[in-house]
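Pasted below: data-v3.pdb, PDB, C-alpha atoms, pLDDT in the B column.
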ATOM      1  CA  MET A   1       0.000   0.000   0.000  1.00 43.00           C
ATOM      2  CA  PRO A   2       1.168   3.537  -0.698  1.00 46.00           C
ATOM      3  CA  ALA A   3       2.465   5.826   2.005  1.00 48.00           C
ATOM      4  CA  SER A   4       0.240   8.670   3.189  1.00 51.00           C
ATOM      5  CA  ASN A   5       2.694  11.250   1.870  1.00 66.00           C
ATOM      6  CA  ASN A   6       1.657  10.192  -1.639  1.00 91.00           C
ATOM      7  CA  ILE A   7      -1.843  11.562  -1.044  1.00 96.00           C
ATOM      8  CA  GLN A   8      -2.692  14.980  -2.454  1.00 98.00           C
ATOM      9  CA  ILE A   9      -5.718  17.056  -1.499  1.00 98.00           C
ATOM     10  CA  SER A  10      -6.913  19.513  -4.120  1.00 98.00           C
ATOM     11  CA  ARG A  11      -9.905  21.645  -4.942  1.00 99.00           C
ATOM     12  CA  PHE A  12     -12.434  19.937  -7.223  1.00 99.00           C
ATOM     13  CA  GLU A  13     -12.092  20.672 -10.926  1.00 98.00           C
ATOM     14  CA  PRO A  14     -14.574  19.609 -13.626  1.00 97.00           C
ATOM     15  CA  ALA A  15     -12.127  16.937 -14.859  1.00 98.00           C
ATOM     16  CA  ASP A  16     -12.571  15.231 -11.457  1.00 98.00           C
ATOM     17  CA  GLN A  17     -16.313  14.627 -11.992  1.00 97.00           C
ATOM     18  CA  ARG A  18     -16.169  10.965 -13.097  1.00 98.00           C
ATOM     19  CA  GLY A  19     -13.650  10.050 -10.401  1.00 98.00           C
ATOM     20  CA  VAL A  20     -15.812  11.602  -7.685  1.00 99.00           C
ATOM     21  CA  ILE A  21     -18.837   9.585  -8.788  1.00 98.00           C
ATOM     22  CA  ASP A  22     -16.711   6.426  -9.087  1.00 98.00           C
ATOM     23  CA  VAL A  23     -15.671   6.774  -5.428  1.00 98.00           C
ATOM     24  CA  ILE A  24     -18.966   7.869  -3.870  1.00 97.00           C
ATOM     25  CA  VAL A  25     -21.656   5.762  -5.542  1.00 97.00           C
ATOM     26  CA  PRO A  26     -20.079   2.301  -4.973  1.00 97.00           C
ATOM     27  CA  ILE A  27     -19.559   3.125  -1.277  1.00 94.00           C
ATOM     28  CA  GLN A  28     -23.168   4.259  -0.938  1.00 91.00           C
ATOM     29  CA  ARG A  29     -24.534   1.220  -2.770  1.00 93.00           C
ATOM     30  CA  GLU A  30     -22.220  -1.622  -1.762  1.00 94.00           C
ATOM     31  CA  GLU A  31     -21.037  -0.649   1.717  1.00 89.00           C
ATOM     32  CA  PHE A  32     -24.015   1.340   2.989  1.00 85.00           C
ATOM     33  CA  GLY A  33     -26.668  -0.667   1.143  1.00 87.00           C
ATOM     34  CA  ILE A  34     -28.380   2.464  -0.166  1.00 85.00           C
ATOM     35  CA  ALA A  35     -30.176   1.983  -3.490  1.00 88.00           C
ATOM     36  CA  ILE A  36     -28.982   5.236  -5.044  1.00 90.00           C
ATOM     37  CA  THR A  37     -27.391   6.312  -8.296  1.00 93.00           C
ATOM     38  CA  ALA A  38     -25.413   9.361  -9.339  1.00 95.00           C
ATOM     39  CA  ASP A  39     -28.547  10.588 -11.126  1.00 94.00           C
ATOM     40  CA  ASP A  40     -30.384  10.580  -7.776  1.00 92.00           C
ATOM     41  CA  GLN A  41     -27.856  13.089  -6.417  1.00 94.00           C
ATOM     42  CA  PRO A  42     -28.130  16.432  -8.221  1.00 93.00           C
ATOM     43  CA  ASP A  43     -25.206  17.822  -6.216  1.00 96.00           C
ATOM     44  CA  LEU A  44     -22.885  15.278  -7.868  1.00 96.00           C
ATOM     45  CA  GLN A  45     -24.037  16.380 -11.302  1.00 94.00           C
ATOM     46  CA  SER A  46     -23.163  20.023 -10.643  1.00 97.00           C
ATOM     47  CA  ILE A  47     -20.493  20.218  -7.942  1.00 98.00           C
ATOM     48  CA  PRO A  48     -19.315  23.764  -8.829  1.00 98.00           C
ATOM     49  CA  ASP A  49     -22.852  25.186  -8.718  1.00 98.00           C
ATOM     50  CA  PHE A  50     -23.865  23.295  -5.583  1.00 98.00           C
ATOM     51  CA  TYR A  51     -20.694  23.451  -3.456  1.00 98.00           C
ATOM     52  CA  GLN A  52     -18.241  25.973  -4.866  1.00 99.00           C
ATOM     53  CA  VAL A  53     -20.324  29.059  -4.091  1.00 98.00           C
ATOM     54  CA  GLY A  54     -20.260  31.466  -1.155  1.00 98.00           C
ATOM     55  CA  SER A  55     -18.144  29.994   1.648  1.00 98.00           C
ATOM     56  CA  GLY A  56     -18.540  26.474   0.251  1.00 99.00           C
ATOM     57  CA  ASP A  57     -16.170  24.282  -1.712  1.00 99.00           C
ATOM     58  CA  PHE A  58     -15.388  20.683  -2.624  1.00 99.00           C
ATOM     59  CA  TRP A  59     -12.087  18.818  -2.359  1.00 99.00           C
ATOM     60  CA  VAL A  60     -10.725  15.525  -3.588  1.00 99.00           C
ATOM     61  CA  ALA A  61      -7.936  13.287  -2.313  1.00 99.00           C
ATOM     62  CA  LYS A  62      -5.798  11.740  -5.025  1.00 98.00           C
ATOM     63  CA  HIS A  63      -3.231   8.993  -5.141  1.00 97.00           C
ATOM     64  CA  ALA A  64      -1.355   8.436  -8.401  1.00 95.00           C
ATOM     65  CA  GLN A  65      -3.809  10.833 -10.092  1.00 95.00           C
ATOM     66  CA  HIS A  66      -6.807   8.684  -9.050  1.00 98.00           C
ATOM     67  CA  ILE A  67      -9.489  10.101  -6.790  1.00 99.00           C
ATOM     68  CA  ILE A  68      -9.648   8.132  -3.548  1.00 99.00           C
ATOM     69  CA  GLY A  69     -11.612  10.507  -1.324  1.00 99.00           C
ATOM     70  CA  THR A  70     -14.012  13.446  -1.312  1.00 99.00           C
ATOM     71  CA  ILE A  71     -15.423  16.094   1.015  1.00 99.00           C
ATOM     72  CA  GLY A  72     -17.780  18.997   0.441  1.00 99.00           C
ATOM     73  CA  LEU A  73     -18.641  22.166   2.319  1.00 99.00           C
ATOM     74  CA  LYS A  74     -22.098  23.538   1.493  1.00 99.00           C
ATOM     75  CA  ASP A  75     -22.683  27.185   2.437  1.00 99.00           C
ATOM     76  CA  ILE A  76     -26.092  27.406   4.136  1.00 99.00           C
ATOM     77  CA  GLY A  77     -25.890  31.083   5.086  1.00 98.00           C
ATOM     78  CA  ALA A  78     -25.433  32.967   8.360  1.00 98.00           C
ATOM     79  CA  GLN A  79     -21.769  31.853   8.631  1.00 98.00           C
ATOM     80  CA  GLN A  80     -22.963  28.242   8.767  1.00 99.00           C
ATOM     81  CA  ALA A  81     -22.113  25.337   6.483  1.00 99.00           C
ATOM     82  CA  ALA A  82     -22.891  21.672   6.008  1.00 99.00           C
ATOM     83  CA  LEU A  83     -20.197  19.034   5.691  1.00 99.00           C
ATOM     84  CA  ARG A  84     -21.289  16.695   2.881  1.00 98.00           C
ATOM     85  CA  LYS A  85     -19.980  13.853   0.729  1.00 97.00           C
ATOM     86  CA  MET A  86     -17.180  12.693   3.057  1.00 97.00           C
ATOM     87  CA  PHE A  87     -16.060   9.452   1.417  1.00 97.00           C
ATOM     88  CA  VAL A  88     -12.759   7.567   1.322  1.00 97.00           C
ATOM     89  CA  ALA A  89     -12.116   4.482  -0.786  1.00 97.00           C
ATOM     90  CA  GLN A  90     -11.876   1.421   1.443  1.00 95.00           C
ATOM     91  CA  ALA A  91      -8.247   0.614   0.531  1.00 96.00           C
ATOM     92  CA  PHE A  92      -7.172   4.072   1.791  1.00 97.00           C
ATOM     93  CA  ARG A  93      -8.984   4.185   5.139  1.00 94.00           C
ATOM     94  CA  GLY A  94      -7.252   4.172   8.488  1.00 90.00           C
ATOM     95  CA  ARG A  95      -4.638   6.119  10.364  1.00 88.00           C
ATOM     96  CA  GLU A  96      -1.741   4.815   8.314  1.00 90.00           C
ATOM     97  CA  PHE A  97      -3.013   6.800   5.315  1.00 94.00           C
ATOM     98  CA  GLY A  98      -4.778   9.633   7.129  1.00 96.00           C
ATOM     99  CA  VAL A  99      -6.873  10.490   4.067  1.00 98.00           C
ATOM    100  CA  ALA A 100     -10.053  11.291   6.014  1.00 98.00           C
ATOM    101  CA  ALA A 101      -8.111  13.480   8.449  1.00 97.00           C
ATOM    102  CA  GLN A 102      -6.341  15.295   5.592  1.00 98.00           C
ATOM    103  CA  LEU A 103      -9.666  15.950   3.855  1.00 99.00           C
ATOM    104  CA  LEU A 104     -11.339  17.151   7.049  1.00 99.00           C
ATOM    105  CA  ASN A 105      -8.399  19.339   8.055  1.00 98.00           C
ATOM    106  CA  THR A 106      -8.410  20.974   4.616  1.00 98.00           C
ATOM    107  CA  LEU A 107     -12.133  21.676   4.945  1.00 99.00           C
ATOM    108  CA  LEU A 108     -11.779  23.032   8.496  1.00 99.00           C
ATOM    109  CA  GLU A 109      -8.855  25.314   7.609  1.00 98.00           C
ATOM    110  CA  GLU A 110     -10.680  26.728   4.597  1.00 98.00           C
ATOM    111  CA  ALA A 111     -13.957  27.116   6.492  1.00 99.00           C
ATOM    112  CA  LYS A 112     -12.165  29.091   9.201  1.00 98.00           C
ATOM    113  CA  ARG A 113     -10.404  31.250   6.616  1.00 98.00           C
ATOM    114  CA  ARG A 114     -13.769  31.945   4.971  1.00 98.00           C
ATOM    115  CA  GLY A 115     -15.437  32.963   8.245  1.00 98.00           C
ATOM    116  CA  VAL A 116     -17.651  29.914   8.754  1.00 99.00           C
ATOM    117  CA  GLN A 117     -18.619  29.755  12.449  1.00 99.00           C
ATOM    118  CA  GLU A 118     -20.594  26.494  12.559  1.00 99.00           C
ATOM    119  CA  ILE A 119     -20.249  23.309  10.518  1.00 99.00           C
ATOM    120  CA  TYR A 120     -23.089  20.791  10.683  1.00 99.00           C
ATOM    121  CA  LEU A 121     -23.228  17.237   9.409  1.00 99.00           C
ATOM    122  CA  GLY A 122     -25.642  14.351   9.325  1.00 97.00           C
ATOM    123  CA  THR A 123     -24.881  10.652   9.390  1.00 94.00           C
ATOM    124  CA  THR A 124     -26.582   7.399  10.314  1.00 89.00           C
ATOM    125  CA  GLU A 125     -26.613   5.597  13.652  1.00 89.00           C
ATOM    126  CA  LYS A 126     -24.708   2.583  12.321  1.00 84.00           C
ATOM    127  CA  PHE A 127     -21.517   4.363  11.234  1.00 86.00           C
ATOM    128  CA  LEU A 128     -19.772   4.135  14.599  1.00 91.00           C
ATOM    129  CA  ALA A 129     -16.281   4.713  13.195  1.00 90.00           C
ATOM    130  CA  ALA A 130     -17.505   7.942  11.592  1.00 92.00           C
ATOM    131  CA  HIS A 131     -19.026   9.076  14.900  1.00 96.00           C
ATOM    132  CA  ARG A 132     -15.714   8.515  16.691  1.00 97.00           C
ATOM    133  CA  PHE A 133     -13.812  10.286  13.902  1.00 97.00           C
ATOM    134  CA  TYR A 134     -15.991  13.405  14.036  1.00 98.00           C
ATOM    135  CA  GLU A 135     -16.020  13.498  17.837  1.00 98.00           C
ATOM    136  CA  LYS A 136     -12.219  13.194  17.889  1.00 97.00           C
ATOM    137  CA  HIS A 137     -12.091  16.264  15.638  1.00 98.00           C
ATOM    138  CA  GLY A 138     -14.241  18.389  17.953  1.00 98.00           C
ATOM    139  CA  PHE A 139     -17.746  17.814  16.620  1.00 99.00           C
ATOM    140  CA  ILE A 140     -20.485  17.429  19.227  1.00 99.00           C
ATOM    141  CA  GLU A 141     -23.768  15.625  18.770  1.00 98.00           C
ATOM    142  CA  VAL A 142     -26.893  17.766  18.433  1.00 98.00           C
ATOM    143  CA  GLY A 143     -30.558  16.954  18.074  1.00 98.00           C
ATOM    144  CA  ARG A 144     -32.394  17.326  14.788  1.00 97.00           C
ATOM    145  CA  THR A 145     -34.318  20.268  16.266  1.00 97.00           C
ATOM    146  CA  GLU A 146     -31.027  22.153  16.783  1.00 98.00           C
ATOM    147  CA  LEU A 147     -30.164  22.128  13.073  1.00 98.00           C
ATOM    148  CA  PRO A 148     -30.411  25.361  11.092  1.00 98.00           C
ATOM    149  CA  LYS A 149     -33.501  25.496   8.883  1.00 97.00           C
ATOM    150  CA  ARG A 150     -31.314  25.570   5.757  1.00 97.00           C
ATOM    151  CA  PHE A 151     -29.372  22.421   6.700  1.00 98.00           C
ATOM    152  CA  PRO A 152     -29.932  19.827   3.941  1.00 95.00           C
ATOM    153  CA  VAL A 153     -31.102  16.756   5.881  1.00 94.00           C
ATOM    154  CA  MET A 154     -30.740  13.534   3.887  1.00 89.00           C
ATOM    155  CA  ALA A 155     -33.277  10.714   4.187  1.00 84.00           C
ATOM    156  CA  VAL A 156     -30.656   8.391   5.741  1.00 84.00           C
ATOM    157  CA  ASP A 157     -29.486  10.940   8.351  1.00 92.00           C
ATOM    158  CA  SER A 158     -30.445  10.081  11.908  1.00 94.00           C
ATOM    159  CA  LYS A 159     -27.500  11.459  13.914  1.00 97.00           C
ATOM    160  CA  PHE A 160     -26.271  15.040  13.684  1.00 99.00           C
ATOM    161  CA  TYR A 161     -23.146  16.906  14.731  1.00 99.00           C
ATOM    162  CA  VAL A 162     -21.901  20.476  14.886  1.00 99.00           C
ATOM    163  CA  LEU A 163     -18.477  22.069  15.210  1.00 99.00           C
ATOM    164  CA  ARG A 164     -18.661  25.602  16.591  1.00 98.00           C
ATOM    165  CA  ARG A 165     -15.767  28.041  16.396  1.00 90.00           C
TER     166      ARG A 165
END
The structure in this file should be written as structure tokens.
Amino acid sequence: MPASNNIQISRFEPADQRGVIDVIVPIQREEFGIAITADDQPDLQSIPDFYQVGSGDFWVAKHAQHIIGTIGLKDIGAQQAALRKMFVAQAFRGREFGVAAQLLNTLLEEAKRRGVQEIYLGTTEKFLAAHRFYEKHGFIEVGRTELPKRFPVMAVDSKFYVLRR
């Protein structure tokens, strides 16, 4: 397996579109058991228009020019944002690679630079490793009623977190 120093995080460019879909959709379908396609996710069809506006953005992790991870920051107004589309290819998960941490740190640094005060995210109850990961990085669990009205709740979301600055 490659060393973590061979991982590059970069801002999404239109040429990354196919690679982003090729990472996200198989994880959703095969690992999470969600019957979903790329066509069911309008944000994946128009990443620049959906994410790369206001304080938002979208980043990819690459190894040997192949996309192996993604993360998005959706501006929801009032110095708040939603963390979306955090995915890492199975072969590149874990501390030895640090891909998830690199993606999240990039997002957090940019969000701070752009004046985002609160970052919200939604996940499902069963993703215990994800819960631990977010909690380790300072996110605290909040109830659904504490979410901003503009937070884009997904049908599968049942557990919510916020990071306040």
Q.
With all atoms listed in the file as the counted atoms, please give the residues lying no more than 9 Å from Asn6 in chain A, apart from itself and same-chain residues fewer than 5 positions off, as number ranges by chain.
A. A: 62-64
(Q) With all atoms listed in the file as the counted atoms, please give the residues lying no more than 7 Å from range 152-159 of chain A, apart from itself and same-chain residues fewer than 3 positions off, as a PyMOL selection string. (A) chain A and resi 122-125
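Distance check against Asp75 in chain A using all atoms listed in the file: of A:Thr106, A:Gln90, A:Thr37, A:Gln117, the minimum falls on A:Gln117.
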On this file, the PyMOL selection byres ((chain A and resi 22-31) around 8) gives some set of residues; write that set as a compact mmCIF listing (two decimals) with C-alpha atoms, in the coordinates of the input.
# COMPACT_ATOMS: atom_id res chain seq x y z
CA ARG A 18 -16.17 10.96 -13.10
CA GLY A 19 -13.65 10.05 -10.40
CA VAL A 20 -15.81 11.60 -7.68
CA ILE A 21 -18.84 9.59 -8.79
CA PHE A 32 -24.02 1.34 2.99
CA GLY A 33 -26.67 -0.67 1.14
CA ILE A 34 -28.38 2.46 -0.17
CA ALA A 35 -30.18 1.98 -3.49
CA ILE A 36 -28.98 5.24 -5.04
CA THR A 37 -27.39 6.31 -8.30
CA ALA A 38 -25.41 9.36 -9.34
CA ILE A 67 -9.49 10.10 -6.79
CA ILE A 68 -9.65 8.13 -3.55
CA GLY A 69 -11.61 10.51 -1.32
CA THR A 70 -14.01 13.45 -1.31
CA LYS A 85 -19.98 13.85 0.73
CA PHE A 87 -16.06 9.45 1.42
CA VAL A 88 -12.76 7.57 1.32
CA ALA A 89 -12.12 4.48 -0.79
(Q) What's the separation between CA of Gln79 in chain A and CA of Phe58 in chain A, in Å to one decimal place? (A)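 Separation between CA of Gln79 in chain A and CA of Phe58 in chain A: 17.1 Å.
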Q. Of the candidates A:Glu146, A:Met86, A:Leu163, A:Glu135, which one gets nearest to Leu108 in chain A if we count all atoms listed in the file?
A.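 Ranking A:Glu146, A:Met86, A:Leu163, A:Glu135 by distance to Leu108 in chain A, first place goes to A:Leu163.
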Q: Mind giving me the straight-line distance from CA of Lys136 in chain A to CA of Gln102 in chain A in Å, one decimal?
A: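 If I compute the distance from CA of Lys136 in chain A to CA of Gln102 in chain A, I get 13.8 Å.
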Counting all atoms listed in the file, which residues of range 61-162 of chain A sit at most 9 Å from some atom of range 50-55 of chain A, and what is each one's closest atom pair with its distance in Å to one decimal, listed by chain and rising residue number, as CSV?
residue,atom,partner,partner_atom,distance
A:Gly72,CA,A:Tyr51,CA,6.6
A:Leu73,CA,A:Tyr51,CA,6.3
A:Lys74,CA,A:Tyr51,CA,5.1
A:Asp75,CA,A:Ser55,CA,5.4
A:Ile76,CA,A:Ser55,CA,8.7
A:Gly77,CA,A:Gly54,CA,8.4
A:Gln79,CA,A:Ser55,CA,8.1
A:Gln80,CA,A:Ser55,CA,8.8
A:Ala81,CA,A:Ser55,CA,7.8
A:Glu110,CA,A:Ser55,CA,8.7
A:Ala111,CA,A:Ser55,CA,7.0
A:Arg114,CA,A:Ser55,CA,5.8
A:Gly115,CA,A:Ser55,CA,7.7
A:Val116,CA,A:Ser55,CA,7.1
Q: Excluding Leu104 in chain A and residues on its chain fewer than 4 positions from it, collect all residues at most 9 Å away from it, counting only C-alpha atoms, and give them as a ChimeraX atom specification.
A: /A:71,86,99-100,108-109,137
Q.
I'd like the interatomic distance between CA of Phe133 in chain A and CA of Ala101 in chain A, to a tenth of an Å.
A. 8.5 Å
Just add N, CA and C atoms to range 130-156 of chain A and send it as a short mmCIF file (atom, residue, chain, number, x, y, z; two decimals), in the coordinates of the input.
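Result file part00.cif:
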data_model
loop_
_atom_site.label_atom_id
_atom_site.label_comp_id
_atom_site.auth_asym_id
_atom_site.auth_seq_id
_atom_site.Cartn_x
_atom_site.Cartn_y
_atom_site.Cartn_z
N ALA A 130 -17.34 6.55 12.00
CA ALA A 130 -17.50 7.94 11.59
C ALA A 130 -17.83 8.81 12.80
N HIS A 131 -18.69 8.31 13.70
CA HIS A 131 -19.03 9.08 14.90
C HIS A 131 -17.76 9.37 15.70
N ARG A 132 -16.96 8.34 15.92
CA ARG A 132 -15.71 8.52 16.69
C ARG A 132 -14.78 9.51 16.00
N PHE A 133 -14.68 9.40 14.68
CA PHE A 133 -13.81 10.29 13.90
C PHE A 133 -14.23 11.75 14.08
N TYR A 134 -15.52 12.03 13.91
CA TYR A 134 -15.99 13.40 14.04
C TYR A 134 -15.84 13.92 15.46
N GLU A 135 -16.15 13.09 16.43
CA GLU A 135 -16.02 13.50 17.84
C GLU A 135 -14.56 13.80 18.18
N LYS A 136 -13.65 12.98 17.67
CA LYS A 136 -12.22 13.19 17.89
C LYS A 136 -11.77 14.55 17.32
N HIS A 137 -12.45 15.00 16.28
CA HIS A 137 -12.09 16.26 15.64
C HIS A 137 -12.93 17.44 16.14
N GLY A 138 -13.59 17.27 17.30
CA GLY A 138 -14.24 18.39 17.95
C GLY A 138 -15.73 18.57 17.68
N PHE A 139 -16.31 17.72 16.87
CA PHE A 139 -17.75 17.81 16.62
C PHE A 139 -18.51 17.27 17.82
N ILE A 140 -19.63 17.90 18.14
CA ILE A 140 -20.48 17.43 19.23
C ILE A 140 -21.86 17.08 18.66
N GLU A 141 -22.46 16.07 19.24
CA GLU A 141 -23.77 15.62 18.77
C GLU A 141 -24.84 16.65 19.14
N VAL A 142 -25.76 16.88 18.20
CA VAL A 142 -26.89 17.77 18.43
C VAL A 142 -28.16 17.07 17.96
N GLY A 143 -29.28 17.50 18.50
CA GLY A 143 -30.56 16.95 18.07
C GLY A 143 -31.01 17.56 16.75
N ARG A 144 -31.87 16.86 16.08
CA ARG A 144 -32.39 17.33 14.79
C ARG A 144 -33.03 18.71 14.92
N THR A 145 -33.65 18.98 16.06
CA THR A 145 -34.32 20.27 16.27
C THR A 145 -33.33 21.42 16.41
N GLU A 146 -32.05 21.11 16.64
CA GLU A 146 -31.03 22.15 16.78
C GLU A 146 -30.38 22.53 15.46
N LEU A 147 -30.75 21.85 14.38
CA LEU A 147 -30.16 22.13 13.07
C LEU A 147 -30.72 23.43 12.50
N PRO A 148 -29.89 24.17 11.77
CA PRO A 148 -30.41 25.36 11.09
C PRO A 148 -31.48 24.94 10.07
N LYS A 149 -32.42 25.81 9.83
CA LYS A 149 -33.50 25.50 8.88
C LYS A 149 -32.97 25.18 7.49
N ARG A 150 -31.86 25.78 7.11
CA ARG A 150 -31.31 25.57 5.76
C ARG A 150 -30.40 24.35 5.66
N PHE A 151 -30.22 23.61 6.75
CA PHE A 151 -29.37 22.42 6.70
C PHE A 151 -30.06 21.36 5.84
N PRO A 152 -29.34 20.82 4.85
CA PRO A 152 -29.93 19.83 3.94
C PRO A 152 -29.93 18.41 4.55
N VAL A 153 -31.00 18.07 5.26
CA VAL A 153 -31.10 16.76 5.88
C VAL A 153 -31.35 15.71 4.79
N MET A 154 -30.57 14.64 4.83
CA MET A 154 -30.74 13.53 3.89
C MET A 154 -31.65 12.49 4.52
N ALA A 155 -32.33 11.72 3.69
CA ALA A 155 -33.28 10.71 4.19
C ALA A 155 -32.62 9.72 5.14
N VAL A 156 -31.34 9.39 4.91
CA VAL A 156 -30.66 8.39 5.74
C VAL A 156 -30.07 8.97 7.03
#
